[in-house]
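*Asks:* If you scroll down you'll find the structure; I have some questions about it.
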Amino acid sequence: MKHINYKNRIYKVAMLASVLLTGCSDFLDNPLENQTPSVSIDYTDLNRMYQPVSGVYSSVSKGGFASWVHTFLKTSQSVDIDPRTGYSEVNELVHNYKSGAAIKGFWALDDLWSRYYGSVLACNSALVELDKFGANIGDGDQANKQLLARYQAEVRFFRALLHYYIARSFGNVPVLGVESVDPAYLGTVGKTPVADVRQHVISEMDFCIANLEDARPNQATHQGGVTKYTALLLKAKAAMDLAGNDNGSPHWNTVLEATDQIINSNRFSLFEDYYQLWKKPGKMCDEAILELQYSDFGNPTGDVVTSGGQVWDNLFLFQAPQNTYGAPINGDGWLIPSDEAARFLSGRKDNVRMKTAIQHCGIEGRPGTFSVTPDGDTISGNTAGKKYFNGKAYFPKSQMTPGRVDWYGANNNVRVFRYAEVLLMNAEAKIRKGQNGDAPLNLVRKRVGLAPLVNATIPQLMDERRAEFICEWWGERFNDLVRTDQAATVLSGFVKGESEFFPIPQAQEDRNINLRN
Amino acid sequence: MKQNYFKTLMVLFFLTTVAGSTVFSQGFVLNGTVKDESGESVPGTTVLVKGTSNGTSTDADGVFSIRVPGSEAVLVFSSIGFATQEIAVGNRTQLDVVLVAEATQLSDVVIIGYGTQKKGDLTAPVSTINTDEMLKRTTSTPMEALQGTIPGVQVVAGGSPGASPSVRIRGIGSFNNSNPLYVVDGMFVDNIDFLNPNDIADMSILKDASGAAIYGVRAANGVVIITTKKGTKNMKTRVTYNGFVGLQKPVNVPRMANGEQFAAYALEWRTPADSGSVRESVNRYGGSGLRPSTSTDWYNALLRKQALITNQGIDLQGGSDKVTYTVGFNHTYQNGTMDAKNDFQRYNVRLQMEANPYKWLKLGFTSILNNSTTHFPNNNAFLTAYTASPLVPVYDEENVNAFPVRFSNSGLIGRNDPNAVADAYYNFNRLKQFQVLPSVYAEASFWENRFTFRSQLSQLYGSGLRANYVPQRSLGPATLVSHLVSGQERTTNYILDNLLTYRDNKGSHNWSVLLGQSSRQEQWRLTRVEADNVPADEEFWYTRQGRPNQAYYDEDGYRNRGLSYFTRGTYDYDGKYLLTATFRADGSSKYQSKWGYFPSVGLGWVLSYEDFMAGQHLVDFLKLRGSWGKLGNDGIRPNSGYAVVTLGNPSSAIFGSAGNTAGQYIPGYTVNNFFANITWEVVTEWDFGVDFELFNNRLKGSVDYFDRKTANVALDRAFPFGAPNIYGNWASMANSGFDVGLTWNGKAGKLGYQVGGNFSTLRNRVTNIGALPNIPGGFPEWTAEFPNRIEVGKPMQYFYGYEVSGIYQTQQEIDADPMAASANAAVPGAVQPGFFKYRDLNGNGIRDDGDRTNLGSYLPTVTYGFNASLTYANFDFSVVLQGVAGNKIMNLNRGRYVKGQSSLNLDADFYESLWTGPGTTNSYPSAYALSKSWNRPQGASFFVESGAYLRVQNVQLGYNFKIGKEAPVSMRVFATADRPLIFTKYSGFTPEISGIGYDANVYPISSTYSLGVRASF
């Protein structure tokens, strides 16, 4: 009996000892589940070299660039828009050009800053990735070297575009290069003066112009991607901001040269129908120089890609009227064309632009009344008495994918740069330099059925710019008034030296003290 | 390897169970009875021949019969609540024993990590739970039943059916998981919601480092150890039935502004939208002019008057001389007080068996099977009910497009309020869970029980099936398609423990050594699919019946492994001088640094055993304790420690979206280069305590002071420039305080009484956050409007904002105040009478960021409980009170207006207190003020309210009696009121807010009134 006991015990102890020994080190050494490390990318496979670039387009188009937060801040700095947002900071402060401490803590500014720079960081991260592919390109492989430079230029274009708009909003801001992939750097980097940021954009564009594809964006290899002409326009814009109101500034030469190059390429033309330019027929047409592209893939339900990323971020949705006739044309009715905008357009008998930009909500916005859009959609009045909604963000139901009842505006793109802007900038540079700018200016006027001007002046050109870009989202009107030093005169509440830029958000200063001064 | 071991164990188990059924013995039979001092028989007393495992237990009449080896044998009689007695048998064949009620619980055995210890020998503050008291509470989860009973343990109840309460032991030491570790029969689990309170035999709470350090990396938030009931040897089968039926009634439901009040309020906003909606309500639903006749009470529409809660359980326990067993069944049902499909139902089966085939070997298994179904409510409906206009009815027959139910649509009067009742109604969210916790063990003893070797494999298999379905519906005019989310999850965890215990003594020296090794794996996997246009009948709730899409598919999961070696040594000299030391080395796969080391040491001195204390009668027992130790928290998220690539559609852009062509993805990827290496949080704790019993053991109590410092606190640190947050060990913090518990027992004639009280204090401070001045945070979606902050020297996540010092009464007052005057100079009319007056903390005459400050912390500085019980003859009566003080609540319900584009409803107290003219109030703004940006600050003391409360937690009256003569059935009937009363100044539903103190969207707490029966035979 005892014998058996011992045998049993020995067996058991041996068995347990072997269990104990399973505690070898590889028991703990397993990688984290469901998280792909970057090392799994095969950098020798040069066919995948475009992937980090597509990632950048994705970050910009789904990130903050076309999100409601950015657009409602920029758009509200205008007399042509009655913001009517849910935020008194926008309705009362931004709309009245208040800056400084009063809005320093406003979350939307922080969101704007963070999402723009967030995309800058995505660009830098993609450049690091491209370098890893670049290391695998053979010395004699000129084709791939050229491709690498082109892809780098695409990424660097977006990085510069973001810096350009950040500086327009905040003034002196840091310029973040590839060294920003180190988080410690982010906590210490200091600011660059706004003029230097613009100069930086111009020199970046020189690299891009040299390396990007020579094609109209809708004919680019990756259809709708940025090309040489997109870079030329951004270069011209940065130069225009630098030139300001000084007719003698050499930057006007840059504006003229860059816009001439675009015009003389003969690749671009204005889309005939200004009303349809904003809708499906005008999507990525020959006028498009930069458009953020979206899709619902032609399916009534399922995957859909819209601006921003979340439902609310969709550029079309928050500008849709509060419509009791319901989905899909039903939103919160923000960013309404103002009475002032309507007066301005009707005063100059600008009927096509009027019809395009200003859509009616019932009769004078009264509840219980309705109106019908040129495309046959019925729009009701509303208890808030909003008379209009933004026609440039109007997407007719008949143009939406059949069966799609959600995601208003799905399958439409967001227009950023257009050929019309090139023509108007070309005209301005010419006039500023004492030349005649009528030809390019009248092309723009002719498209909307306006009579040609003779020996157009800068005030006439500024009016034309205001009308052409009315109710758009990138703050061109505000920028025009600031750069021509008209803002304090025209915009009630604007204080020169204070209202030009938003303050750097408090939360950002708390995380990097070098942003404080 | 694991499987082989398991198989072998099972084979051994069956062999020995069969082998163990025949027994031979010599000696003679001794019969007897066991009674208490009052002559009542004591059933269930264990009778053991000393030095052997030969034993029996008394039957329902206290009668026993045992074969003893000879006249030299000594019998040991033990029963819970009585002093253990040893009696030499001599030549007796009949033995009647009177057990004396135990005055002190010092010889009680307390469950500690991987073993037991006598209560008197503890050097750590370990709270043991009185399971009888716990059973008095009518809660669906066991931890909720502990509310207010244990010093240092704060329990915050959830309101919805079956919801897990949040449990904090000695404050908050982590921004991550701050729930304690639960160990059920050796298995680590995240909560014990699956247990029936009636299954619990013993429950200990290890509060300090020296007690918990044996659990190393899992122990930083304290440890709750549970052993489930076991049968005893040679015991007649005992059946116990336990059940109650109760009704829950929502209490403290806020009174909302009615239609008339709301209409007046909305008109005060003076906007076309607000007056428009009032006018439209009149046009559509009746009334005259701007006086609508509609007045909907959304809470009334949303809440049931009463909801059922019931719990029934039956237990069998028994044992022969070689095998003991327990079988338990339990059913719990709790309906929600929201008038929609929301309830919780659970079936429990518990099986336990232990065999003693040889004197030196024990084999056993336990398993808890658990099957539950939870229907989750749409808690958002409560929120909607708060802000929704009362000028809209619940149903609207004229809303012709609405189907399947004619709910109203506030859009018809120009508002955006969702219909709260429709939100609750069009919600089907079910989670079916099945969980098994099997564990098998073998325990071998050598050298006269000095050495014990125990090996245990504990497992947890859990599966969950989630169906979330919203039908096709319309509130007019748009029709929303039906949508199904179907999820399956699976949890497979195991722990393999090997323990070697050595216990010995020589003279007055007693010592023990534990050596242990443990390996574990936790694995979880989730698959989720979604589809639109799925038919309404449950039989067709498959995504292929609707329109699924690739983007509608997701899979997630984790697998973490741990490997640990640990040891504990205890030593005492004559029970006077006590020493406990533990050490644990923990390896984890979650972090880049794999190994952590957690030592602890505890000392105790029992003064009352010293000679100089002899002869006095005041102090019966007095012990001083001190301990130090380190604990880890691996409840923090693992991270990869490398850059993570995001592939697929989320990182791919659309190209070719031109004209009539829909764009398509071109494959892309993004890389997140921002990461930090991460390791566990480490708690270092000191504890000093005193345990005492005075006045003939009438007054018992303990006082502890603790000081715990948490280093490497992991949190998401924000970086500038929108860089993704980096999760890393960025901060450290300290918690300190006192835990005090006291009870007094007394007797006056037939009346027995007991009074007890406990309280804990807590001081929480953040001690380091690196180079950052502060870390801003807040409640999701409201971080900007109601921020909180982490800052060195302040309690963690304190509410941050402006201090409201009053209300401007007149224009003169405004003009005289530089802050208001400067605002009015910038935007005329920005500040008007009836608006908030802020304190200009930086004195610069403008309201800016520098005026924001600490508005209070959500952590209570004091939590307390009080209980009293009386027994008279067969009746007993008890009351438990509990409460907290010193904490603040951010009332997000009232604060909701700051994001409102038009007037949102408010509670009637708020409305009735609004400023209406000079001198009316200095604490509430005017109705008009709520629409203006000046009164929509980023955080303000106006929204911060005291969270102090005192609640009558439980009142119970019970009656005990017996039925039958032959085999009497002991019966207890009882009537209980749970949470009948609360005293609080807080204006919301309930001051019990879990999380970081933001009251948004909470399920109301209910009172429960119930009747119950307990019977055993």
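For the structure tokens, the naming scheme is as follows: chains receive sequential letters (A, B, ...) according to their order of presentation, residues are indexed from 1 within each chain, and ligands are indexed from 1 in presentation order.
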Please find the residues of chain A near chain B - the criterion being any atom within 6 Å, counting only C-alpha atoms - and write them as an mmCIF file with N, CA and C atoms, in the first residue's frame.
*Replies:*
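Here's the written file out_4.cif:
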```
data_model
loop_
_atom_site.group_PDB
_atom_site.id
_atom_site.type_symbol
_atom_site.label_atom_id
_atom_site.label_comp_id
_atom_site.auth_asym_id
_atom_site.auth_seq_id
_atom_site.Cartn_x
_atom_site.Cartn_y
_atom_site.Cartn_z
ATOM 1 N N LEU A 28 5.873 34.335 -22.961
ATOM 2 C CA LEU A 28 5.478 35.737 -22.839
ATOM 3 C C LEU A 28 5.743 36.542 -24.105
ATOM 4 N N ASP A 29 6.552 35.981 -25.014
ATOM 5 C CA ASP A 29 6.989 36.765 -26.167
ATOM 6 C C ASP A 29 6.074 36.601 -27.369
ATOM 7 N N LEU A 32 1.525 41.738 -30.075
ATOM 8 C CA LEU A 32 0.174 42.172 -29.760
ATOM 9 C C LEU A 32 -0.772 41.781 -30.889
ATOM 10 N N GLU A 33 -1.925 41.237 -30.494
ATOM 11 C CA GLU A 33 -2.847 40.761 -31.512
ATOM 12 C C GLU A 33 -3.502 41.926 -32.263
ATOM 13 N N THR A 36 -1.013 45.552 -36.844
ATOM 14 C CA THR A 36 0.045 45.247 -37.800
ATOM 15 C C THR A 36 1.220 46.189 -37.598
ATOM 16 N N PRO A 37 2.396 45.682 -37.376
ATOM 17 C CA PRO A 37 3.541 46.574 -37.270
ATOM 18 C C PRO A 37 3.970 47.040 -38.651
ATOM 19 N N SER A 38 4.619 48.204 -38.707
ATOM 20 C CA SER A 38 4.965 48.763 -40.012
ATOM 21 C C SER A 38 6.018 47.920 -40.718
ATOM 22 N N GLN A 51 1.095 53.783 -52.223
ATOM 23 C CA GLN A 51 0.175 53.591 -51.092
ATOM 24 C C GLN A 51 0.289 54.651 -49.992
ATOM 25 N N PRO A 52 1.494 55.014 -49.554
ATOM 26 C CA PRO A 52 1.527 56.094 -48.550
ATOM 27 C C PRO A 52 0.976 57.416 -49.093
ATOM 28 N N SER A 54 -1.574 57.695 -51.298
ATOM 29 C CA SER A 54 -3.030 57.563 -51.199
ATOM 30 C C SER A 54 -3.476 57.780 -49.763
ATOM 31 N N GLY A 55 -2.642 57.315 -48.821
ATOM 32 C CA GLY A 55 -2.940 57.535 -47.402
ATOM 33 C C GLY A 55 -3.001 59.015 -47.060
ATOM 34 N N TYR A 57 -3.801 61.534 -49.245
ATOM 35 C CA TYR A 57 -5.061 62.034 -49.824
ATOM 36 C C TYR A 57 -6.223 61.691 -48.902
ATOM 37 N N SER A 58 -6.174 60.461 -48.379
ATOM 38 C CA SER A 58 -7.238 60.012 -47.488
ATOM 39 C C SER A 58 -7.271 60.868 -46.228
ATOM 40 N N GLY A 86 -24.710 76.387 -34.128
ATOM 41 C CA GLY A 86 -25.106 76.101 -32.759
ATOM 42 C C GLY A 86 -24.149 76.725 -31.754
ATOM 43 N N SER A 88 -22.443 80.023 -30.115
ATOM 44 C CA SER A 88 -22.499 81.472 -29.996
ATOM 45 C C SER A 88 -21.129 82.081 -30.263
ATOM 46 N N ALA A 101 -8.353 86.780 -26.473
ATOM 47 C CA ALA A 101 -8.648 85.929 -25.322
ATOM 48 C C ALA A 101 -10.065 85.366 -25.354
ATOM 49 N N TRP A 107 -13.205 75.444 -28.545
ATOM 50 C CA TRP A 107 -12.728 74.124 -28.967
ATOM 51 C C TRP A 107 -12.545 74.031 -30.473
ATOM 52 N N SER A 114 -5.573 71.293 -34.760
ATOM 53 C CA SER A 114 -5.121 69.913 -34.562
ATOM 54 C C SER A 114 -5.335 69.063 -35.808
ATOM 55 N N ARG A 115 -6.454 69.265 -36.468
ATOM 56 C CA ARG A 115 -6.731 68.398 -37.608
ATOM 57 C C ARG A 115 -5.904 68.805 -38.829
ATOM 58 N N TYR A 117 -2.815 70.279 -38.613
ATOM 59 C CA TYR A 117 -1.458 69.808 -38.343
ATOM 60 C C TYR A 117 -1.419 68.278 -38.296
ATOM 61 N N GLY A 118 -2.537 67.668 -37.865
ATOM 62 C CA GLY A 118 -2.594 66.204 -37.876
ATOM 63 C C GLY A 118 -2.331 65.671 -39.274
ATOM 64 N N GLN A 223 -6.514 59.641 -61.277
ATOM 65 C CA GLN A 223 -7.432 60.692 -61.726
ATOM 66 C C GLN A 223 -7.911 61.575 -60.581
ATOM 67 N N GLY A 224 -7.673 62.869 -60.739
ATOM 68 C CA GLY A 224 -8.080 63.820 -59.714
ATOM 69 C C GLY A 224 -6.962 64.161 -58.750
ATOM 70 N N LYS A 280 -23.312 67.289 -59.803
ATOM 71 C CA LYS A 280 -22.661 66.115 -60.363
ATOM 72 C C LYS A 280 -22.025 66.357 -61.740
ATOM 73 N N PRO A 281 -22.697 67.071 -62.670
ATOM 74 C CA PRO A 281 -22.071 67.253 -63.991
ATOM 75 C C PRO A 281 -20.743 68.002 -63.908
ATOM 76 N N LYS A 283 -18.536 67.790 -61.547
ATOM 77 C CA LYS A 283 -17.575 67.101 -60.697
ATOM 78 C C LYS A 283 -16.301 66.783 -61.471
ATOM 79 N N MET A 284 -15.177 67.263 -60.998
ATOM 80 C CA MET A 284 -13.864 67.025 -61.594
ATOM 81 C C MET A 284 -13.879 67.315 -63.102
ATOM 82 N N GLN A 293 -11.984 64.385 -53.345
ATOM 83 C CA GLN A 293 -12.885 63.442 -53.996
ATOM 84 C C GLN A 293 -13.556 62.500 -52.995
ATOM 85 N N TYR A 294 -14.829 62.244 -53.265
ATOM 86 C CA TYR A 294 -15.619 61.370 -52.398
ATOM 87 C C TYR A 294 -16.451 60.454 -53.269
ATOM 88 N N SER A 295 -17.039 59.445 -52.645
ATOM 89 C CA SER A 295 -17.803 58.503 -53.451
ATOM 90 C C SER A 295 -18.772 57.717 -52.592
ATOM 91 N N PHE A 297 -19.817 55.039 -54.366
ATOM 92 C CA PHE A 297 -19.577 53.878 -55.227
ATOM 93 C C PHE A 297 -20.805 53.497 -56.046
ATOM 94 N N GLY A 298 -21.747 54.449 -56.164
ATOM 95 C CA GLY A 298 -22.939 54.177 -56.945
ATOM 96 C C GLY A 298 -23.912 53.223 -56.265
ATOM 97 N N GLY A 302 -24.520 51.112 -47.775
ATOM 98 C CA GLY A 302 -23.180 50.563 -47.583
ATOM 99 C C GLY A 302 -22.131 51.643 -47.548
ATOM 100 N N GLY A 326 -38.076 66.629 -45.731
ATOM 101 C CA GLY A 326 -37.331 65.463 -45.293
ATOM 102 C C GLY A 326 -36.116 65.063 -46.078
ATOM 103 N N ALA A 327 -35.630 63.881 -45.680
ATOM 104 C CA ALA A 327 -34.365 63.359 -46.174
ATOM 105 C C ALA A 327 -34.430 63.144 -47.676
ATOM 106 N N THR A 383 -39.238 77.263 -38.666
ATOM 107 C CA THR A 383 -39.650 78.156 -37.580
ATOM 108 C C THR A 383 -38.585 79.185 -37.248
ATOM 109 N N ALA A 384 -37.333 78.911 -37.632
ATOM 110 C CA ALA A 384 -36.278 79.884 -37.344
ATOM 111 C C ALA A 384 -36.297 81.039 -38.334
ATOM 112 N N GLN A 508 -3.075 74.239 -27.170
ATOM 113 C CA GLN A 508 -1.817 74.013 -27.860
ATOM 114 C C GLN A 508 -0.671 74.683 -27.109
ATOM 115 N N ARG A 511 0.609 72.747 -24.278
ATOM 116 C CA ARG A 511 1.401 71.560 -24.601
ATOM 117 C C ARG A 511 2.751 71.921 -25.207
#
```
*Asks:* Can you measure CA of Tyr494 in chain B to CA of Trp680 in chain B for me? One decimal in Å is fine.
*Replies:* 21.1 Å
*Asks:* Apply DSSP to the backbone of this structure and, from range 131-182 of chain B, keep only the residues in helix (DSSP H, G or I); write these as a ChimeraX atom specification.
*Replies:* /B:131-135,143-146
*Asks:* Selected residues, C-alpha atoms, written as an mmCIF file, in the first residue's frame, please.
*Replies:*
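See result19.cif below for the written result:
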```cif
data_model
loop_
_atom_site.group_PDB
_atom_site.id
_atom_site.type_symbol
_atom_site.label_atom_id
_atom_site.label_comp_id
_atom_site.auth_asym_id
_atom_site.auth_seq_id
_atom_site.Cartn_x
_atom_site.Cartn_y
_atom_site.Cartn_z
ATOM 1 C CA THR B 131 -22.490 36.674 4.020
ATOM 2 C CA ASP B 132 -25.676 36.574 6.096
ATOM 3 C CA GLU B 133 -25.876 40.356 6.007
ATOM 4 C CA MET B 134 -25.176 40.293 2.319
ATOM 5 C CA LEU B 135 -28.127 38.011 1.696
ATOM 6 C CA MET B 143 -20.988 43.587 -4.962
ATOM 7 C CA GLU B 144 -23.934 45.950 -4.806
ATOM 8 C CA ALA B 145 -24.916 44.224 -1.587
ATOM 9 C CA LEU B 146 -21.711 45.447 0.050
#
```
*Asks:* Pick out the residues sitting within 6 Å of Gly777 in chain B, and hand them over as a PyMOL selection string; count only C-alpha atoms, and ignore anything fewer than 4 positions along from it in its own chain.
*Replies:* chain B and resi 783+787-789
*Asks:* I'd like the neighbourhood of Leu127 in chain A as an MDAnalysis selection string, where a residue qualifies if any of its atoms comes within 10 Å (using only C-alpha atoms), though same-chain residues fewer than 6 positions away should be ignored.
*Replies:* chainID A and resid 52:53 56 121 133 151:153 155:156 177:178
*Asks:* Find the residues near range 186-198 of chain A: any atom within 7 Å, counting only C-alpha atoms, skip ones fewer than 4 places away on the same chain, and give them as an MDAnalysis selection string.
*Replies:* (chainID A and resid 164 167 171:175 180 202 238 242 511:512 514:515) or (chainID B and resid 720)
*Asks:* Extract the full set of strand (DSSP E or B) residues from range 197-299 of chain A according to DSSP on the backbone, and format it as a PyMOL selection string.
*Replies:* chain A and resi 288-292+295
*Asks:* Pick from B:Asn335, B:Asn258, B:Thr582, B:Gln956: nearest to Thr294 in chain B, with only C-alpha atoms counted?
*Replies:* B:Asn258
*Asks:* Give me, please, the distance in Å between CA of Arg979 in chain B and CA of Asn370 in chain B, quoted to one decimal.
*Replies:*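 Straight-line distance from CA of Arg979 in chain B to CA of Asn370 in chain B works out to 27.6 Å.
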*Asks:* Of the candidates A:Asn245, A:Val414, A:Thr227, A:Ser119, which one gets nearest to Leu481 in chain A if we count only C-alpha atoms?
*Replies:*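 The closest residue to Leu481 in chain A is A:Asn245.
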*Asks:* Can you tell me, as a list in words, what residues are no more than 9 Å from Pro300 in chain A when counting only C-alpha atoms, ignoring any on the same chain fewer than 5 positions away?
*Replies:*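 The residues that qualify are Thr401, Pro402, Gly403, Arg404, Val405 and Asp406 of chain A.
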*Asks:* Just write the chosen residues, C-alpha atoms, as a CSV table (one decimal), in the first residue's frame.
*Replies:*
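Below is the file that was written, result_9.csv:
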```csv
chain,number,residue,atom,x,y,z
A,401,THR,CA,-27.5,57.6,-56.4
A,402,PRO,CA,-31.0,56.1,-56.8
A,403,GLY,CA,-32.1,54.6,-53.5
A,404,ARG,CA,-29.8,56.6,-51.3
A,405,VAL,CA,-31.7,58.4,-48.6
A,406,ASP,CA,-29.0,59.1,-46.2
```
